[in-house]
Structures are given as structure tokens and as C-alpha cells.
file work37.cif (mmCIF, C-alpha atoms)
data_protein
loop_
_atom_site.label_atom_id
_atom_site.label_comp_id
_atom_site.auth_asym_id
_atom_site.auth_seq_id
_atom_site.Cartn_x
_atom_site.Cartn_y
_atom_site.Cartn_z
CA MET A 6 -18.23 4.05 -6.74
CA ARG A 7 -16.46 1.52 -8.92
CA VAL A 8 -14.42 -1.60 -8.25
CA GLN A 9 -11.06 -1.51 -9.99
CA PHE A 10 -10.34 -5.12 -9.08
CA ALA A 11 -10.75 -7.74 -6.39
CA LEU A 12 -8.62 -10.84 -6.05
CA CYS A 13 -7.15 -13.39 -3.69
CA ALA A 14 -3.44 -13.96 -3.27
CA GLN A 15 -1.12 -15.76 -0.95
CA THR A 16 0.10 -12.48 0.46
CA ALA A 17 0.32 -8.76 -0.26
CA SER A 18 2.43 -5.97 1.08
CA VAL A 19 2.53 -2.18 1.00
CA ASP A 20 5.99 -0.71 0.60
CA ARG A 21 6.84 1.59 3.48
CA SER A 22 8.69 4.17 1.43
CA SER A 23 6.64 4.30 -1.76
CA ASN A 24 3.21 3.17 -0.47
CA ARG A 25 3.03 0.88 -3.49
CA LEU A 26 1.04 -2.31 -3.23
CA SER A 27 2.61 -5.62 -4.22
CA ILE A 28 0.56 -8.79 -4.58
CA PHE A 29 2.27 -12.17 -4.46
CA ASN A 30 1.02 -15.49 -5.83
CA VAL A 31 -2.47 -14.70 -7.04
CA ILE A 32 -4.84 -17.60 -6.34
CA ASP A 33 -6.90 -18.68 -9.36
CA HIS A 34 -7.68 -22.11 -7.88
CA PHE A 35 -6.66 -24.08 -4.81
CA PRO A 36 -5.60 -27.70 -5.31
CA ALA A 37 -6.30 -29.93 -2.31
CA SER A 38 -4.87 -33.41 -2.07
CA THR A 39 -7.16 -34.27 0.84
CA LEU A 40 -10.41 -32.84 2.11
CA PRO A 41 -11.38 -31.35 4.45
CA ILE A 42 -8.49 -28.88 4.66
CA VAL A 43 -7.66 -25.58 6.27
CA ILE A 44 -6.21 -22.90 4.00
CA PRO A 45 -3.56 -21.54 6.33
CA ALA A 46 -3.22 -18.01 4.98
CA LEU A 47 -4.83 -16.03 2.23
CA THR A 48 -5.16 -12.34 1.42
CA PHE A 49 -8.12 -10.59 -0.14
CA VAL A 50 -7.18 -7.43 -2.03
CA SER A 51 -9.47 -4.90 -3.61
CA ILE A 52 -9.07 -1.41 -5.05
CA LEU A 53 -12.10 0.86 -4.98
CA GLU A 54 -12.60 4.03 -6.94
CA SER A 55 -14.76 6.87 -5.67
CA ASP A 56 -16.83 9.14 -7.92
CA LYS A 57 -16.13 12.15 -5.71
CA ASP A 58 -12.92 14.08 -5.11
CA GLU A 59 -13.57 14.92 -1.49
CA SER A 60 -12.59 12.74 1.47
CA THR A 61 -15.19 10.22 2.50
CA ASN A 62 -15.48 7.31 4.89
CA VAL A 63 -17.65 4.35 4.06
CA LYS A 64 -18.31 1.12 5.89
CA GLY A 65 -17.93 -2.00 3.81
CA ILE A 66 -19.14 -5.48 4.67
CA LEU A 67 -16.81 -8.31 3.70
CA GLU A 68 -18.27 -11.80 3.57
CA LEU A 69 -16.40 -15.06 3.15
CA ILE A 70 -18.55 -17.77 1.65
CA VAL A 71 -17.28 -21.33 1.36
CA ASN A 72 -19.50 -23.68 -0.65
CA LYS A 73 -22.52 -21.39 -0.20
CA ALA A 74 -22.01 -21.29 3.58
CA LEU A 75 -21.20 -17.98 5.24
CA VAL A 76 -17.98 -18.52 7.17
CA ALA A 77 -17.09 -14.96 8.15
CA ARG A 78 -18.62 -11.49 8.03
CA LEU A 79 -16.70 -8.40 8.99
CA GLU A 80 -17.14 -4.65 8.85
CA LEU A 81 -14.39 -2.62 7.24
CA PRO A 82 -13.95 1.13 7.49
CA ILE A 83 -12.81 2.36 4.06
CA THR A 84 -11.36 5.82 3.63
CA PHE A 85 -11.02 7.91 0.50
CA VAL A 86 -8.71 10.86 1.19
CA SER A 87 -8.85 13.79 -1.21
CA GLY A 88 -8.59 11.35 -4.02
CA ARG A 89 -10.43 8.68 -5.79
CA LEU A 90 -8.78 5.47 -4.67
CA ALA A 91 -8.88 3.29 -1.57
CA ARG A 92 -7.32 -0.09 -0.97
CA VAL A 93 -8.61 -2.96 1.11
CA VAL A 94 -6.20 -5.68 2.22
CA VAL A 95 -7.55 -8.39 4.52
CA ASN A 96 -5.35 -11.26 5.69
CA PHE A 97 -7.30 -14.39 6.56
CA GLN A 98 -5.90 -17.25 8.58
CA GLY A 99 -7.33 -20.74 8.88
CA ILE A 100 -10.11 -20.91 6.29
CA PRO A 101 -11.90 -24.25 6.66
CA VAL A 102 -12.91 -26.07 3.47
CA ARG A 103 -14.83 -29.34 3.87
CA GLU A 104 -15.37 -30.20 0.24
CA ALA A 105 -14.37 -29.09 -3.24
CA GLY A 106 -16.21 -26.05 -4.53
CA PRO A 107 -16.19 -22.27 -4.72
CA VAL A 108 -14.70 -19.92 -2.14
CA THR A 109 -16.11 -16.43 -2.56
CA PHE A 110 -15.08 -13.11 -1.04
CA ARG A 111 -17.71 -10.39 -1.36
CA LEU A 112 -17.08 -6.81 -0.26
CA ALA A 113 -20.29 -4.82 -0.37
CA ILE A 114 -20.39 -1.05 -0.01
CA PRO A 115 -23.82 0.31 1.01
CA ASN A 116 -25.24 2.32 -1.91
CA GLY A 117 -22.13 1.47 -3.85
CA ALA A 118 -20.37 -1.24 -5.72
CA THR A 119 -19.68 -4.83 -4.73
CA ALA A 120 -16.20 -6.27 -5.09
CA GLU A 121 -16.36 -10.00 -5.53
CA THR A 122 -13.89 -12.73 -6.35
CA THR A 123 -14.22 -16.51 -6.40
CA PHE A 124 -11.77 -19.37 -6.74
CA GLN A 125 -12.41 -23.09 -6.80
CA VAL A 126 -11.03 -25.57 -4.33
CA VAL A 127 -10.18 -28.59 -6.47
CA ASN A 128 -10.07 -32.09 -5.01
CA LEU A 129 -6.97 -33.57 -6.65
CA ALA A 130 -7.76 -37.16 -5.62
CA GLN A 131 -11.17 -36.88 -7.28
CA SER A 132 -9.87 -35.29 -10.51
CA GLU A 133 -7.15 -37.97 -10.77
CA ALA A 134 -9.79 -40.66 -10.35
CA ILE A 135 -11.84 -39.12 -13.17
CA GLN A 136 -8.77 -39.04 -15.42
CA VAL A 137 -8.09 -42.73 -14.72
CA ALA A 138 -11.73 -43.63 -15.42
CA GLN A 139 -11.70 -41.65 -18.69
CA PRO A 140 -8.30 -42.25 -20.29
CA LEU A 141 -7.28 -40.13 -23.24
CA LYS A 142 -8.14 -41.57 -26.63
CA ALA A 143 -5.12 -42.61 -28.68
CA MET B 30 18.73 23.92 11.26
CA ASP B 31 22.23 23.26 12.41
CA THR B 32 24.68 22.10 9.77
CA THR B 33 26.21 19.47 11.99
CA ASN B 34 24.84 16.13 13.04
CA GLN B 35 23.60 16.50 16.60
CA ALA B 36 23.76 13.79 19.22
CA SER B 37 20.57 14.82 20.98
CA GLY B 38 17.18 15.69 19.54
CA PRO B 39 15.66 14.74 16.24
CA ALA B 40 17.36 17.35 14.04
CA ILE B 41 19.75 16.04 11.42
CA GLY B 42 22.23 18.38 9.81
CA PRO B 43 21.90 18.75 6.04
CA ARG B 44 25.51 17.65 5.63
CA ALA B 45 24.70 14.36 7.31
CA ILE B 46 22.09 13.52 4.69
CA ALA B 47 23.83 14.98 1.66
CA THR B 48 25.51 11.64 1.13
CA ALA B 49 27.57 10.85 -1.95
CA SER B 50 24.83 8.60 -3.31
CA ALA B 51 22.12 11.22 -2.73
CA ASN B 52 24.32 13.82 -4.43
CA GLU B 53 24.81 11.48 -7.36
CA ALA B 54 21.05 10.84 -7.61
CA VAL B 55 20.30 14.57 -7.79
CA LEU B 56 23.13 15.06 -10.27
CA ILE B 57 22.20 12.33 -12.74
CA ALA B 58 18.40 12.37 -12.44
CA ASN B 59 16.68 13.30 -15.68
CA THR B 60 13.07 13.12 -14.48
CA PRO B 61 11.28 13.80 -11.15
CA ALA B 62 10.02 10.21 -11.05
CA PHE B 63 13.53 8.84 -11.43
CA LEU B 64 14.85 11.09 -8.66
CA LEU B 65 12.00 10.12 -6.35
CA ASP B 66 12.51 6.39 -6.97
CA ARG B 67 16.26 6.64 -6.57
CA LEU B 68 16.15 8.70 -3.38
CA ARG B 69 13.53 6.43 -1.80
CA LYS B 70 16.11 3.67 -1.85
CA ASP B 71 18.90 5.91 -0.65
CA VAL B 72 20.42 5.55 2.79
CA ALA B 73 20.03 9.30 3.37
CA VAL B 74 16.22 9.03 3.18
CA GLN B 75 16.25 5.91 5.34
CA TYR B 76 18.38 7.80 7.88
CA VAL B 77 15.90 10.68 7.95
CA LEU B 78 12.98 8.27 8.36
CA ASP B 79 14.69 6.44 11.19
CA SER B 80 15.64 9.63 13.01
CA MET B 81 12.78 12.07 12.55
CA THR B 82 9.00 12.06 12.86
CA PRO B 83 6.89 13.21 9.88
CA PRO B 84 6.15 16.67 11.43
CA GLU B 85 9.87 17.11 12.10
CA ILE B 86 10.66 16.28 8.46
CA VAL B 87 8.12 18.84 7.24
CA GLY B 88 9.60 21.39 9.66
CA ALA B 89 13.14 20.65 8.53
CA LEU B 90 12.16 21.01 4.86
CA ARG B 91 10.34 24.26 5.54
CA GLU B 92 13.37 25.59 7.37
CA ALA B 93 15.74 24.52 4.59
CA LEU B 94 13.51 26.10 1.94
CA ALA B 95 13.52 29.38 3.84
CA ARG B 96 17.21 29.80 3.02
CA PRO B 97 18.39 30.37 -0.54
CA ALA B 98 20.51 27.59 -2.00
CA LYS B 99 24.02 28.90 -2.55
CA GLU B 100 25.24 25.93 -4.52
CA ALA B 101 23.77 22.91 -6.21
CA SER B 102 24.69 20.57 -3.36
CA ASP B 103 22.49 22.65 -1.02
CA LEU B 104 19.52 21.26 -2.90
CA VAL B 105 20.30 17.64 -2.00
CA PRO B 106 19.02 17.73 1.62
CA ARG B 107 15.85 19.48 0.43
CA TYR B 108 15.17 16.70 -2.06
CA VAL B 109 15.98 14.10 0.60
CA TYR B 110 13.47 15.63 3.04
CA LEU B 111 10.87 15.91 0.30
CA THR B 112 11.31 12.27 -0.68
CA ALA B 113 11.03 11.20 2.95
CA LEU B 114 7.55 12.75 2.99
CA SER B 115 6.31 9.96 0.75
CA THR B 116 5.99 7.74 3.82
CA ILE B 117 3.43 9.98 5.49
CA ASP B 118 0.12 8.41 6.36
CA PRO B 119 -2.32 9.22 3.53
CA GLN B 120 -5.03 9.85 6.14
CA ASP B 121 -3.06 12.50 8.08
CA GLN B 122 -4.94 15.45 6.60
CA GLU B 123 -3.26 18.06 8.79
CA LEU B 124 0.22 17.07 7.67
CA TRP B 125 -0.79 16.93 4.00
CA LYS B 126 -2.10 20.48 4.30
CA GLN B 127 1.30 21.55 5.61
CA ILE B 128 3.04 19.75 2.75
CA ALA B 129 0.74 21.43 0.25
CA SER B 130 1.63 24.83 1.70
CA LEU B 131 5.39 24.40 1.22
CA ASP B 132 6.97 26.75 -1.29
CA LEU B 133 9.02 24.42 -3.47
CA SER B 134 9.85 26.99 -6.16
CA GLN B 135 13.59 26.75 -5.55
CA LEU B 136 13.53 23.03 -6.38
CA GLU B 137 13.26 22.47 -10.11
CA TRP B 138 11.37 19.21 -9.65
CA GLY B 139 9.89 19.94 -6.24
CA GLU B 140 6.34 20.54 -7.42
CA ALA B 141 6.35 17.50 -9.71
CA MET B 142 7.71 15.29 -6.92
CA ARG B 143 5.10 16.60 -4.48
CA ARG B 144 2.37 15.74 -7.01
CA LEU B 145 3.80 12.25 -7.45
CA ILE B 146 4.00 11.70 -3.70
CA ARG B 147 0.42 12.91 -3.23
CA ALA B 148 -0.86 10.74 -6.06
CA GLU B 149 0.73 7.65 -4.55
CA ALA B 150 -0.66 8.31 -1.08
CA VAL B 151 -3.59 5.92 -1.46
CA PRO B 152 -5.12 4.98 1.89
CA THR B 153 -5.09 1.26 2.68
CA THR B 154 -7.44 -0.50 5.06
CA THR B 155 -5.56 -3.49 6.42
CA LEU B 156 -7.08 -6.14 8.64
CA ASP B 157 -5.92 -9.51 9.98
CA PHE B 158 -8.67 -12.01 10.57
CA ALA B 159 -8.18 -15.47 12.06
CA LEU B 160 -10.97 -18.04 11.98
CA SER B 161 -11.10 -20.05 15.16
CA SER B 162 -11.75 -23.81 15.45
CA PRO B 163 -12.20 -24.00 11.69
CA LEU B 164 -13.09 -27.65 11.23
CA ARG B 165 -15.14 -28.27 14.34
CA PRO B 166 -18.46 -29.88 13.34
#
call {"tool": "encode", "arguments": {"input": "work37.cif", "output": "C-alpha cells"}}
result
Amino acid sequence: MRVQFALCAQTASVDRSSNRLSIFNVIDHFPASTLPIVIPALTFVSILESDKDESTNVKGILELIVNKALVARLELPITFVSGRLARVVVNFQGIPVREAGPVTFRLAIPNGATAETTFQVVNLAQSEAIQVAQPLKA
Amino acid sequence: MDTTNQASGPAIGPRAIATASANEAVLIANTPAFLLDRLRKDVAVQYVLDSMTPPEIVGALREALARPAKEASDLVPRYVYLTALSTIDPQDQELWKQIASLDLSQLEWGEAMRRLIRAEAVPTTTLDFALSSPLRP
């Protein structure tokens, strides 16, 4: 099994008529003007590729880790149907972040691959303070 | 299938879905992918999807394919039904077997469109997860 990609976005949708996946506003970092904060909505998307052509069901474990603390752990049934691809789309609501640091989503498939993506929560007040303390040289 | 639009039951007459825009799509299409994309957005396919269940669409297509097409416009409803099949749940194995068994030889691009539809039927696991009391110490 192989991971084609894993990422976080603001939202994602699957078109009813074409079954095509659209991903909107990919999150590469999350700027926070105050901390702690709650990220109101966020979508984890991953595409997995199977080595076999036959239909298989596997159970994945998705973990949400905020600043090295496990915040959520859920089981996901993943189905490959007579083909090699399967998509996972998980919509999270209300992710608590107490301080700046990494937010990691890790989808582990037993005896298979692990799809992982991380973005940083950046404390804007802190980074502005650093910029003021270290002004650019003329 | 009846050739008129019926008030009761799920059946839709081929004339009802051979709309001007669907006719135009079949007429001007130069590739199977173009025809599939164009028909997916067509009101005729939306009408079929709103009015019929997936097994009914497969049944209607099978029935239409059992009759020879007398003129080019007879092909339009067949392409409309075939395009409507692209909404079928990728995990519905029984229905996909039925689709695979359809004889699409009278449709020039039938086989290519069926392959495209099958290739795009990637199963998606979707889950909504809300964290409760997120900032409670």
C-alpha cells in the first residue's frame, strides 16, 4: 500500500455527478492572533493506493496530535473496490490549540503505509514581537 | 420503455431526456471524455438522476440497448442513461456487475465512457468528527 498524498484543507467536496474530489484552501500553516484558540473547521484528506487489484477493506487509525498531545483517535473503515485507489476525507470541528506548534494528522494502516501531514500554528503576536526586537538592517 | 413521459412511476420516456442540449452534446462531441463531461452537466442527466434510482437507470439503459437505433437521435437517451450511471456508489458491487454486463456495442463511445466512469468511481470514506469541550483544562 502506498500513500499518494495527505494534506489538510479548509474544506473538501466530492462532486455528485463526476465523483471528483475538490480540495479548497490547503492549510500550510495556521496564523493565530491569540492563543489558545479553537480551529473551527478543518478537513484531512488522503488518497491511498493499493498494491492489489481485488476489493479489500482495511481499518485505518487516524490520530490528531496537537503539540505532541494526542487529541483524537478514530477508526476508519477504508474500502478499495476493484481498483487501486481509496479516498479518506475527515471533517474535524473544534480543534483546540493552546500554544504555537505543530498539528499532526497521522493515518496508519495496519501492515501498510502511514499517511501523515503536519502544519504549524503560528503565534502572530509573538512573531511580530520578534520582528520588532530584531529590526531589519538598513 | 414507453416513449412518453409518464406521470406515475419512475420510468422516463426517451423523448423527455433527448433534450436539445443533450442532442447537441452528442452531435458535437469529438471524444468520449468530452461527451461524458458535457452530459454530466446537462439537465437531461440531472432529470434522470432526480427521477430514477440507479437500478432503474441500469434497467432503462438495458431496455433501450435491446432495441436497434433507427436514427442518430435514438442514441441520445442511451448516452444520457449511461452518463447518469457515473453517480453510482463505487461500493455497490452488484450494480457495477450489471453495468459491466451491458452490451454497449451500438454506442460508438459506450465502452470508452463506461471505462471512464468505472475509473472515476473511487470509493471515499467520509467522516465528520467534532471535538467536545475543546479548551477545558
call {"tool": "resolve_selection", "arguments": {"input": "work37.cif", "expression": "the PyMOL selection byres ((chain B) within 6 of (chain A))", "output": "list in words"}}
result
Thr116, Val151, Pro152, Thr153, Thr154, Thr155, Leu156, Asp157, Phe158, Ala159, Leu160, Pro163 and Leu164 of chain B
call {"tool": "write_last_selection", "arguments": {"input": "work37.cif", "atoms": "C-alpha atoms", "output": "PDB file, in the coordinates of the input"}}
result
ATOM      1  CA  THR B 116       5.990   7.740   3.820  1.00  0.00           C
ATOM      2  CA  VAL B 151      -3.590   5.920  -1.460  1.00  0.00           C
ATOM      3  CA  PRO B 152      -5.120   4.980   1.890  1.00  0.00           C
ATOM      4  CA  THR B 153      -5.090   1.260   2.680  1.00  0.00           C
ATOM      5  CA  THR B 154      -7.440  -0.500   5.060  1.00  0.00           C
ATOM      6  CA  THR B 155      -5.560  -3.490   6.420  1.00  0.00           C
ATOM      7  CA  LEU B 156      -7.080  -6.140   8.640  1.00  0.00           C
ATOM      8  CA  ASP B 157      -5.920  -9.510   9.980  1.00  0.00           C
ATOM      9  CA  PHE B 158      -8.670 -12.010  10.570  1.00  0.00           C
ATOM     10  CA  ALA B 159      -8.180 -15.470  12.060  1.00  0.00           C
ATOM     11  CA  LEU B 160     -10.970 -18.040  11.980  1.00  0.00           C
ATOM     12  CA  PRO B 163     -12.200 -24.000  11.690  1.00  0.00           C
ATOM     13  CA  LEU B 164     -13.090 -27.650  11.230  1.00  0.00           C
TER      14      LEU B 164
END
call {"tool": "resolve_selection", "arguments": {"input": "work37.cif", "expression": "the PyMOL selection byres ((chain B and resi 96-109) around 7)", "output": "list in words"}}
result
Pro43, Ile46, Ala47, Ala51, Asn52, Val55, Leu68, Ala73, Val74, Leu90, Ala93, Leu94, Ala95, Tyr110, Leu111, Thr112 and Ala113 of chain B
call {"tool": "residues_around", "arguments": {"input": "work37.cif", "residues": "stretch 64-67 of chain B", "least_positions_apart": "3", "cutoff": "8 Å", "atoms": "only C-alpha atoms", "output": "mmCIF file with C-alpha atoms, in the frame of the given file"}}
result
data_model
loop_
_atom_site.group_PDB
_atom_site.id
_atom_site.type_symbol
_atom_site.label_atom_id
_atom_site.label_comp_id
_atom_site.auth_asym_id
_atom_site.auth_seq_id
_atom_site.Cartn_x
_atom_site.Cartn_y
_atom_site.Cartn_z
ATOM 1 C CA ALA B 54 21.050 10.840 -7.610
ATOM 2 C CA VAL B 55 20.300 14.570 -7.790
ATOM 3 C CA ALA B 58 18.400 12.370 -12.440
ATOM 4 C CA ASN B 59 16.680 13.300 -15.680
ATOM 5 C CA THR B 60 13.070 13.120 -14.480
ATOM 6 C CA PRO B 61 11.280 13.800 -11.150
ATOM 7 C CA LYS B 70 16.110 3.670 -1.850
ATOM 8 C CA ASP B 71 18.900 5.910 -0.650
ATOM 9 C CA THR B 112 11.310 12.270 -0.680
ATOM 10 C CA MET B 142 7.710 15.290 -6.920
#
call {"tool": "atom_distance", "arguments": {"input": "work37.cif", "atom1": "atom CA of A:Arg78", "atom2": "atom CA of A:Asn30"}}
result
24.4 Å
call {"tool": "atom_distance", "arguments": {"input": "work37.cif", "atom1": "atom CA of B:Ala45", "atom2": "atom CA of B:Glu149"}}
result
27.6 Å
call {"tool": "atom_distance", "arguments": {"input": "work37.cif", "atom1": "atom CA of A:Thr16", "atom2": "atom CA of A:Val31"}}
result
8.2 Å
call {"tool": "resolve_selection", "arguments": {"input": "work37.cif", "expression": "the PyMOL selection byres ((chain A and resi 119-127) around 9)", "output": "ChimeraX atom specification"}}
result
/A:7-13,32-38,49,51-53,102,104-115,117-118,128-132
call {"tool": "residues_near_point", "arguments": {"input": "work37.cif", "point": "(2.5, 18.0, 7.6)", "cutoff": "10 Å", "atoms": "all atoms listed in the file", "output": "list in words"}}
result
Pro83, Pro84, Glu85, Ile86, Val87, Gly88, Leu114, Ile117, Asp118, Asp121, Gln122, Glu123, Leu124, Trp125, Lys126, Gln127, Ile128, Ala129, Ser130 and Leu131 of chain B
call {"tool": "decode", "arguments": {"input": "work37.cif", "residues": "stretch 92-115 of chain B", "atoms": "N, CA, C and O atoms", "output": "mmCIF file, in the first residue's frame"}}
result
data_model
loop_
_atom_site.group_PDB
_atom_site.id
_atom_site.type_symbol
_atom_site.label_atom_id
_atom_site.label_comp_id
_atom_site.auth_asym_id
_atom_site.auth_seq_id
_atom_site.Cartn_x
_atom_site.Cartn_y
_atom_site.Cartn_z
ATOM 1 N N GLU B 92 -32.874 -1.795 -21.462
ATOM 2 C CA GLU B 92 -34.064 -1.887 -22.311
ATOM 3 C C GLU B 92 -33.858 -1.100 -23.611
ATOM 4 O O GLU B 92 -34.211 -1.562 -24.694
ATOM 5 N N ALA B 93 -33.276 0.079 -23.483
ATOM 6 C CA ALA B 93 -33.046 0.912 -24.676
ATOM 7 C C ALA B 93 -32.048 0.237 -25.611
ATOM 8 O O ALA B 93 -32.199 0.290 -26.846
ATOM 9 N N LEU B 94 -31.029 -0.402 -25.026
ATOM 10 C CA LEU B 94 -29.994 -1.041 -25.853
ATOM 11 C C LEU B 94 -30.518 -2.298 -26.549
ATOM 12 O O LEU B 94 -29.932 -2.754 -27.529
ATOM 13 N N ALA B 95 -31.618 -2.829 -26.036
ATOM 14 C CA ALA B 95 -32.181 -4.040 -26.638
ATOM 15 C C ALA B 95 -32.838 -3.744 -27.987
ATOM 16 O O ALA B 95 -33.057 -4.645 -28.792
ATOM 17 N N ARG B 96 -33.160 -2.466 -28.203
ATOM 18 C CA ARG B 96 -33.786 -2.071 -29.473
ATOM 19 C C ARG B 96 -32.731 -1.444 -30.374
ATOM 20 O O ARG B 96 -31.883 -0.687 -29.893
ATOM 21 N N PRO B 97 -32.783 -1.726 -31.659
ATOM 22 C CA PRO B 97 -31.804 -1.084 -32.552
ATOM 23 C C PRO B 97 -32.122 0.406 -32.708
ATOM 24 O O PRO B 97 -33.292 0.792 -32.710
ATOM 25 N N ALA B 98 -31.096 1.211 -32.823
ATOM 26 C CA ALA B 98 -31.305 2.648 -33.017
ATOM 27 C C ALA B 98 -31.619 2.896 -34.485
ATOM 28 O O ALA B 98 -30.835 2.528 -35.369
ATOM 29 N N LYS B 99 -32.793 3.509 -34.721
ATOM 30 C CA LYS B 99 -33.204 3.743 -36.107
ATOM 31 C C LYS B 99 -32.568 5.004 -36.662
ATOM 32 O O LYS B 99 -32.321 5.119 -37.852
ATOM 33 N N GLU B 100 -32.383 5.969 -35.811
ATOM 34 C CA GLU B 100 -31.744 7.212 -36.244
ATOM 35 C C GLU B 100 -30.785 7.709 -35.169
ATOM 36 O O GLU B 100 -30.816 7.227 -34.032
ATOM 37 N N ALA B 101 -29.985 8.666 -35.550
ATOM 38 C CA ALA B 101 -28.924 9.124 -34.644
ATOM 39 C C ALA B 101 -29.487 9.648 -33.320
ATOM 40 O O ALA B 101 -28.888 9.432 -32.259
ATOM 41 N N SER B 102 -30.650 10.306 -33.397
ATOM 42 C CA SER B 102 -31.202 10.885 -32.168
ATOM 43 C C SER B 102 -31.652 9.811 -31.174
ATOM 44 O O SER B 102 -31.818 10.092 -29.986
ATOM 45 N N ASP B 103 -31.839 8.575 -31.656
ATOM 46 C CA ASP B 103 -32.188 7.476 -30.742
ATOM 47 C C ASP B 103 -31.046 7.165 -29.781
ATOM 48 O O ASP B 103 -31.250 6.546 -28.729
ATOM 49 N N LEU B 104 -29.846 7.569 -30.176
ATOM 50 C CA LEU B 104 -28.685 7.268 -29.331
ATOM 51 C C LEU B 104 -28.598 8.193 -28.123
ATOM 52 O O LEU B 104 -27.974 7.852 -27.112
ATOM 53 N N VAL B 105 -29.232 9.362 -28.229
ATOM 54 C CA VAL B 105 -29.087 10.385 -27.171
ATOM 55 C C VAL B 105 -29.557 9.863 -25.810
ATOM 56 O O VAL B 105 -28.809 9.954 -24.832
ATOM 57 N N PRO B 106 -30.773 9.302 -25.696
ATOM 58 C CA PRO B 106 -31.193 8.803 -24.378
ATOM 59 C C PRO B 106 -30.256 7.727 -23.832
ATOM 60 O O PRO B 106 -30.020 7.655 -22.629
ATOM 61 N N ARG B 107 -29.700 6.908 -24.713
ATOM 62 C CA ARG B 107 -28.779 5.852 -24.260
ATOM 63 C C ARG B 107 -27.537 6.475 -23.635
ATOM 64 O O ARG B 107 -27.060 6.028 -22.592
ATOM 65 N N TYR B 108 -27.008 7.504 -24.289
ATOM 66 C CA TYR B 108 -25.841 8.194 -23.722
ATOM 67 C C TYR B 108 -26.207 8.920 -22.425
ATOM 68 O O TYR B 108 -25.397 9.000 -21.502
ATOM 69 N N VAL B 109 -27.411 9.438 -22.365
ATOM 70 C CA VAL B 109 -27.850 10.138 -21.136
ATOM 71 C C VAL B 109 -27.927 9.141 -19.975
ATOM 72 O O VAL B 109 -27.416 9.399 -18.885
ATOM 73 N N TYR B 110 -28.537 7.984 -20.212
ATOM 74 C CA TYR B 110 -28.625 6.967 -19.157
ATOM 75 C C TYR B 110 -27.219 6.512 -18.736
ATOM 76 O O TYR B 110 -26.933 6.360 -17.542
ATOM 77 N N LEU B 111 -26.371 6.305 -19.732
ATOM 78 C CA LEU B 111 -25.008 5.835 -19.427
ATOM 79 C C LEU B 111 -24.266 6.864 -18.575
ATOM 80 O O LEU B 111 -23.596 6.511 -17.596
ATOM 81 N N THR B 112 -24.402 8.120 -18.929
ATOM 82 C CA THR B 112 -23.732 9.178 -18.157
ATOM 83 C C THR B 112 -24.275 9.235 -16.730
ATOM 84 O O THR B 112 -23.515 9.435 -15.778
ATOM 85 N N ALA B 113 -25.572 9.041 -16.590
ATOM 86 C CA ALA B 113 -26.189 9.080 -15.256
ATOM 87 C C ALA B 113 -25.622 7.988 -14.344
ATOM 88 O O ALA B 113 -25.646 8.113 -13.120
ATOM 89 N N LEU B 114 -25.077 6.942 -14.938
ATOM 90 C CA LEU B 114 -24.517 5.850 -14.132
ATOM 91 C C LEU B 114 -23.243 6.266 -13.410
ATOM 92 O O LEU B 114 -22.773 5.553 -12.518
ATOM 93 N N SER B 115 -22.692 7.415 -13.782
ATOM 94 C CA SER B 115 -21.442 7.822 -13.122
ATOM 95 C C SER B 115 -21.671 8.274 -11.684
ATOM 96 O O SER B 115 -20.716 8.540 -10.964
#
